[in-house]
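Presented below is the structure to which this report refers.
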Amino acid sequence: MVAQTHTGYTAPRGAQLRSGLQLQEKVAYRLGRAALELFAALALQLDVVWRAPLPPGPKIIAANHPTTTDPFLLLAVMPEQLSLLITEMAFAAPGFGAYLRCAGHIPVMRGQGRAAVTEALERLAAGGNIGIFPEGQLSPLETSGMGLAAPRTGVARLALSTGAPVIPVGIALQPERIHFVETEVQDMHQTARWYLRGPYAVTVGAPMRFTGSVENHVQVRDAAAQIMAGIGTLIQASRRRLPVAAATHLRPRLETLR
């Protein structure tokens, strides 16, 4: 079946539906991002340092994951639209899950990580950007702050399969300000960590590029380790700025490359 446009061009019904869905996704994403920017401005001492501008074209934003709030704040920090890989528990929440789907985010279902990676590959191939937390879980808590879990290989597979650059991001905050909330949705249970007020320092690193075969397990693990090491270095840079961020409300800035 075809549908007639106002210009007289006869467009396939499927193409019209896809165009409508893309517009719906952009509108939902922008509305959500505007709300998150308002929250960050009112509740957080947000301090963002950019080590380099974002490169053009599809890219993979890879960050550590100290709190449940991070995916949403990452959207407020990044100037370009992202499709985030988010746990299925968020998608199972009534109403909120529908919004996540509408805004173009990708559910990571239990035991179906490859399906999420496949959908992310499709997004990158279509020119989109992906946001991913390579640890695949919340970062471990340490007495000195936030640690890092061993990386999973999804981020490396995305980078090696597409050639898209990885943009490492290091997040630091004050652990004592985290609110721990026991959350249950359907048959899933999690201790959520909400960070609703306080300094939130983010360092966005220079692009990392990888070549090799996604079938070479050694190369995949090595790429994942390099990405996580880069994130770790940026976390330390963010931690050093926390006292300043706590004392003032800084505007995001671009750090000069050295």
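Here, A, B, ... name the chains of the structure tokens in the order displayed, residue numbers run from 1 inside each chain, and ligands are numbered from 1 in the same displayed order.
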
To test your reading of the structure, identify every residue in stretch 58-116 of chain A that backbone DSSP assigns to strand (DSSP E or B), and report it as an NGL selection string. :A and (60-63 or 83-87 or 106-108)

Okay, now the selection with C-alpha atoms, as a short mmCIF file (atom, residue, chain, number, x, y, z; two decimals), in the first residue's frame?
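This is the output file result38.cif:
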```
data_model
loop_
_atom_site.label_atom_id
_atom_site.label_comp_id
_atom_site.auth_asym_id
_atom_site.auth_seq_id
_atom_site.Cartn_x
_atom_site.Cartn_y
_atom_site.Cartn_z
CA ILE A 60 30.44 5.51 20.93
CA ILE A 61 30.30 7.32 24.29
CA ALA A 62 31.71 5.01 26.99
CA ALA A 63 31.51 6.00 30.66
CA SER A 83 20.88 5.91 22.06
CA LEU A 84 21.80 4.53 25.47
CA LEU A 85 22.11 0.84 26.28
CA ILE A 86 20.05 0.59 29.47
CA THR A 87 19.10 -2.32 31.72
CA ILE A 106 18.13 0.23 23.68
CA PRO A 107 17.14 -2.36 26.31
CA VAL A 108 19.76 -4.83 27.51
#
```

Leaving out A:Gly170 and any residue of its chain fewer than 6 positions from it, which residues lie within 6 Å of it when counting only C-alpha atoms, given as a list in words?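 Returned residues: Ala63, Val202, Thr203, Ile231, Leu234 and Ile235 of chain A.
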
Dump of N, CA and C atoms for the selected residues, as a PDB file, in the first residue's frame:
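And here is the file that came out, result.pdb:
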```
ATOM      1  N   ALA A  63      31.304   5.365  29.357  1.00  0.00           N
ATOM      2  CA  ALA A  63      31.510   6.003  30.665  1.00  0.00           C
ATOM      3  C   ALA A  63      31.481   4.986  31.796  1.00  0.00           C
ATOM      4  N   VAL A 202      32.671  15.641  35.390  1.00  0.00           N
ATOM      5  CA  VAL A 202      32.748  14.783  34.210  1.00  0.00           C
ATOM      6  C   VAL A 202      33.921  15.242  33.345  1.00  0.00           C
ATOM      7  N   THR A 203      34.770  14.302  32.946  1.00  0.00           N
ATOM      8  CA  THR A 203      35.848  14.601  32.005  1.00  0.00           C
ATOM      9  C   THR A 203      35.633  13.766  30.756  1.00  0.00           C
ATOM     10  N   ILE A 231      39.086   5.400  30.626  1.00  0.00           N
ATOM     11  CA  ILE A 231      38.037   5.896  31.514  1.00  0.00           C
ATOM     12  C   ILE A 231      38.598   6.111  32.918  1.00  0.00           C
ATOM     13  N   LEU A 234      40.485   9.309  33.259  1.00  0.00           N
ATOM     14  CA  LEU A 234      39.585  10.466  33.268  1.00  0.00           C
ATOM     15  C   LEU A 234      38.832  10.588  34.588  1.00  0.00           C
ATOM     16  N   ILE A 235      38.538   9.456  35.224  1.00  0.00           N
ATOM     17  CA  ILE A 235      37.909   9.501  36.544  1.00  0.00           C
ATOM     18  C   ILE A 235      38.814  10.244  37.529  1.00  0.00           C
TER      19      ILE A 235
END
```

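Between A:Gly113 and the residues A:Val155, A:Ala43, A:Leu54, A:Ala35, the shortest atom-to-atom distance, using only C-alpha atoms, involves A:Val155.
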
Sel. of helix (DSSP H, G or I) residues, stretch 5-231 of chain A, as an MDAnalysis selection string: chainID A and resid 13:43 70:77 88:92 96:102 113:125 154:162 175:177 217:231

Report as an MDAnalysis selection string all protein, DNA and RNA residues lying within 8 Å of A:Arg177, evaluated on only C-alpha atoms, omitting residues in the same chain fewer than 2 positions from it. chainID A and resid 174:175 179 195:198

Let me see the file: selected residues, N, CA and C atoms, as a PDB file, in the first residue's frame.
```
ATOM      1  N   GLN A 174      30.495  12.633  44.935  1.00  0.00           N
ATOM      2  CA  GLN A 174      30.705  12.392  46.359  1.00  0.00           C
ATOM      3  C   GLN A 174      29.852  11.207  46.811  1.00  0.00           C
ATOM      4  N   PRO A 175      30.470  10.047  47.080  1.00  0.00           N
ATOM      5  CA  PRO A 175      29.698   8.846  47.417  1.00  0.00           C
ATOM      6  C   PRO A 175      28.757   9.025  48.608  1.00  0.00           C
ATOM      7  N   HIS A 179      21.897   8.228  47.419  1.00  0.00           N
ATOM      8  CA  HIS A 179      20.728   7.673  48.094  1.00  0.00           C
ATOM      9  C   HIS A 179      20.500   6.253  47.591  1.00  0.00           C
ATOM     10  N   TYR A 195      21.664   9.907  42.720  1.00  0.00           N
ATOM     11  CA  TYR A 195      22.496  11.068  43.071  1.00  0.00           C
ATOM     12  C   TYR A 195      21.715  12.305  42.667  1.00  0.00           C
ATOM     13  N   LEU A 196      21.113  12.965  43.646  1.00  0.00           N
ATOM     14  CA  LEU A 196      20.142  14.010  43.366  1.00  0.00           C
ATOM     15  C   LEU A 196      20.620  15.411  43.710  1.00  0.00           C
ATOM     16  N   ARG A 197      21.776  15.518  44.365  1.00  0.00           N
ATOM     17  CA  ARG A 197      22.286  16.843  44.717  1.00  0.00           C
ATOM     18  C   ARG A 197      23.775  16.743  45.018  1.00  0.00           C
ATOM     19  N   GLY A 198      24.532  17.765  44.597  1.00  0.00           N
ATOM     20  CA  GLY A 198      25.942  17.785  44.921  1.00  0.00           C
ATOM     21  C   GLY A 198      26.826  17.948  43.697  1.00  0.00           C
TER      22      GLY A 198
END
```

Residue neighbourhood A:Leu148, 8 Å, only C-alpha atoms, exclusion window fewer than 4 positions, as a list in words: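 The residues satisfying every condition are Asn64, Glu135, Ser139, Pro140 and Gly232 of chain A.
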
Residues as selected, N, CA and C atoms, written as a tab-separated table (two decimals), in the first residue's frame, can you do that?
```tsv
chain	number	residue	atom	x	y	z
A	64	ASN	N	32.07	5.37	32.93
A	64	ASN	CA	31.89	4.58	34.15
A	64	ASN	C	30.50	4.81	34.70
A	135	GLU	N	31.18	-1.45	31.97
A	135	GLU	CA	31.17	-2.38	33.10
A	135	GLU	C	29.94	-3.29	33.07
A	139	SER	N	29.23	0.62	39.04
A	139	SER	CA	30.62	0.51	39.48
A	139	SER	C	30.67	0.07	40.94
A	140	PRO	N	31.66	-0.74	41.32
A	140	PRO	CA	31.76	-1.16	42.72
A	140	PRO	C	32.09	0.00	43.64
A	232	GLY	N	39.42	5.16	33.38
A	232	GLY	CA	40.01	5.28	34.71
A	232	GLY	C	40.85	6.53	34.87
```

Quick one: residues within 9 Å of A:Pro134, only C-alpha atoms, excluding same-chain residues fewer than 3 positions away - as a PDB file with N, CA and C atoms, in the first residue's frame?
```pdb
ATOM      1  N   ALA A  62      31.525   6.079  26.005  1.00  0.00           N
ATOM      2  CA  ALA A  62      31.714   5.011  26.988  1.00  0.00           C
ATOM      3  C   ALA A  62      32.102   5.615  28.332  1.00  0.00           C
ATOM      4  N   ALA A  63      31.304   5.365  29.357  1.00  0.00           N
ATOM      5  CA  ALA A  63      31.510   6.003  30.665  1.00  0.00           C
ATOM      6  C   ALA A  63      31.481   4.986  31.796  1.00  0.00           C
ATOM      7  N   ASN A  64      32.070   5.372  32.935  1.00  0.00           N
ATOM      8  CA  ASN A  64      31.892   4.577  34.149  1.00  0.00           C
ATOM      9  C   ASN A  64      30.495   4.813  34.704  1.00  0.00           C
ATOM     10  N   HIS A  65      30.111   4.006  35.698  1.00  0.00           N
ATOM     11  CA  HIS A  65      28.697   3.979  36.091  1.00  0.00           C
ATOM     12  C   HIS A  65      28.537   3.978  37.613  1.00  0.00           C
ATOM     13  N   GLN A 137      27.265  -2.895  34.628  1.00  0.00           N
ATOM     14  CA  GLN A 137      26.636  -2.861  35.942  1.00  0.00           C
ATOM     15  C   GLN A 137      27.093  -1.590  36.639  1.00  0.00           C
ATOM     16  N   ALA A 149      34.606  -1.914  37.677  1.00  0.00           N
ATOM     17  CA  ALA A 149      34.486  -3.346  37.434  1.00  0.00           C
ATOM     18  C   ALA A 149      35.223  -3.691  36.140  1.00  0.00           C
ATOM     19  N   ALA A 150      35.534  -4.944  35.971  1.00  0.00           N
ATOM     20  CA  ALA A 150      36.166  -5.384  34.723  1.00  0.00           C
ATOM     21  C   ALA A 150      35.225  -5.111  33.556  1.00  0.00           C
ATOM     22  N   PRO A 151      35.756  -4.634  32.428  1.00  0.00           N
ATOM     23  CA  PRO A 151      34.879  -4.303  31.306  1.00  0.00           C
ATOM     24  C   PRO A 151      34.328  -5.546  30.620  1.00  0.00           C
ATOM     25  N   ARG A 152      33.114  -5.440  30.138  1.00  0.00           N
ATOM     26  CA  ARG A 152      32.573  -6.442  29.228  1.00  0.00           C
ATOM     27  C   ARG A 152      33.008  -6.065  27.809  1.00  0.00           C
ATOM     28  N   THR A 153      32.797  -6.957  26.884  1.00  0.00           N
ATOM     29  CA  THR A 153      33.394  -6.762  25.555  1.00  0.00           C
ATOM     30  C   THR A 153      32.491  -6.046  24.557  1.00  0.00           C
ATOM     31  N   GLY A 154      31.271  -5.714  24.956  1.00  0.00           N
ATOM     32  CA  GLY A 154      30.345  -5.098  23.998  1.00  0.00           C
ATOM     33  C   GLY A 154      30.884  -3.828  23.374  1.00  0.00           C
ATOM     34  N   VAL A 155      31.502  -2.953  24.198  1.00  0.00           N
ATOM     35  CA  VAL A 155      32.012  -1.692  23.670  1.00  0.00           C
ATOM     36  C   VAL A 155      33.112  -1.938  22.648  1.00  0.00           C
ATOM     37  N   ALA A 156      33.985  -2.922  22.898  1.00  0.00           N
ATOM     38  CA  ALA A 156      35.060  -3.233  21.954  1.00  0.00           C
ATOM     39  C   ALA A 156      34.493  -3.810  20.670  1.00  0.00           C
ATOM     40  N   ALA A 224      38.873  -3.579  24.877  1.00  0.00           N
ATOM     41  CA  ALA A 224      38.021  -3.296  26.035  1.00  0.00           C
ATOM     42  C   ALA A 224      38.857  -2.806  27.214  1.00  0.00           C
ATOM     43  N   ILE A 227      40.018   0.809  26.638  1.00  0.00           N
ATOM     44  CA  ILE A 227      38.931   1.757  26.852  1.00  0.00           C
ATOM     45  C   ILE A 227      38.709   1.986  28.344  1.00  0.00           C
ATOM     46  N   MET A 228      38.714   0.892  29.107  1.00  0.00           N
ATOM     47  CA  MET A 228      38.497   1.038  30.539  1.00  0.00           C
ATOM     48  C   MET A 228      39.651   1.777  31.213  1.00  0.00           C
TER      49      MET A 228
END
```

Nearest to A:Val77 by atom-to-atom distance, counting only C-alpha atoms, from A:Pro207, A:Gly57, A:Gly131, A:Gly230: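 The closest residue to A:Val77 is A:Gly131.
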
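Take the candidates A:Val117, A:Leu31, A:Ile178, A:Leu173 and check each one against A:Ser161 using only C-alpha atoms; the shortest distance goes to A:Val117.
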
With only C-alpha atoms as the basis for distance, which of A:Asn129, A:Gln226, A:Ala103, A:Glu182 is at the shortest distance from A:Glu80?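 Smallest separation from A:Glu80 among the options: A:Asn129.
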
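If only C-alpha atoms are the atoms counted, then among A:Gln22, A:Leu141, A:Arg157, A:Ile171 the closest residue to A:Asn216 is A:Arg157.
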
Show me, as a list in words, the residues that have an atom within 8 Å of A:Phe210 when counting only C-alpha atoms, minus same-chain residues fewer than 4 positions from it. Ala159, Leu160, Gly163, Pro165 and Ala223 of chain A

Expected file: the selected residues, N, CA and C atoms, as a tab-separated table (two decimals), in the first residue's frame:
```
chain	number	residue	atom	x	y	z
A	159	ALA	N	33.20	-1.00	18.55
A	159	ALA	CA	34.27	-0.20	17.95
A	159	ALA	C	34.97	-0.95	16.81
A	160	LEU	N	35.27	-2.22	17.03
A	160	LEU	CA	35.99	-3.00	16.00
A	160	LEU	C	35.09	-3.32	14.81
A	163	GLY	N	34.38	0.68	13.28
A	163	GLY	CA	35.41	1.70	13.12
A	163	GLY	C	35.03	3.03	13.75
A	165	PRO	N	34.72	5.89	16.44
A	165	PRO	CA	35.59	6.24	17.58
A	165	PRO	C	34.88	6.07	18.91
A	223	ALA	N	41.15	-4.26	23.39
A	223	ALA	CA	40.47	-2.99	23.13
A	223	ALA	C	39.59	-2.60	24.31
```

Residue among A:Cys102, A:Ala34, A:Ala164, A:Leu121 lying closest to A:Met208, counting only C-alpha atoms: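 Comparing A:Cys102, A:Ala34, A:Ala164, A:Leu121 against A:Met208, the winner is A:Ala164.
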
Which polymer residues have any atom within 12 Å of an atom of stretch 44-49 of chain A, counting only C-alpha atoms, with same-chain residues fewer than 3 positions away left out, as JSON, numbers by chain? {"A": [36, 37, 38, 39, 40, 41, 52, 53, 69, 73, 74, 76, 77, 78, 169, 170, 171, 172, 173, 174, 177, 195, 196, 197, 198, 199, 200, 201, 202, 203, 204, 205, 206, 234, 235, 237, 238, 239, 240, 241, 242, 243, 244, 245, 246, 247, 248, 249, 250, 251, 252, 253, 254, 255, 256, 257]}

Pairwise distance for atom CA of A:Gln81 and atom CA of A:Gly212, rounded to one decimal in Å: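 That distance, rounded to one decimal, is 27.5 Å.
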
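Coordinates place atom CA of A:Glu176 at a distance of 28.0 Å from atom CA of A:Phe91.
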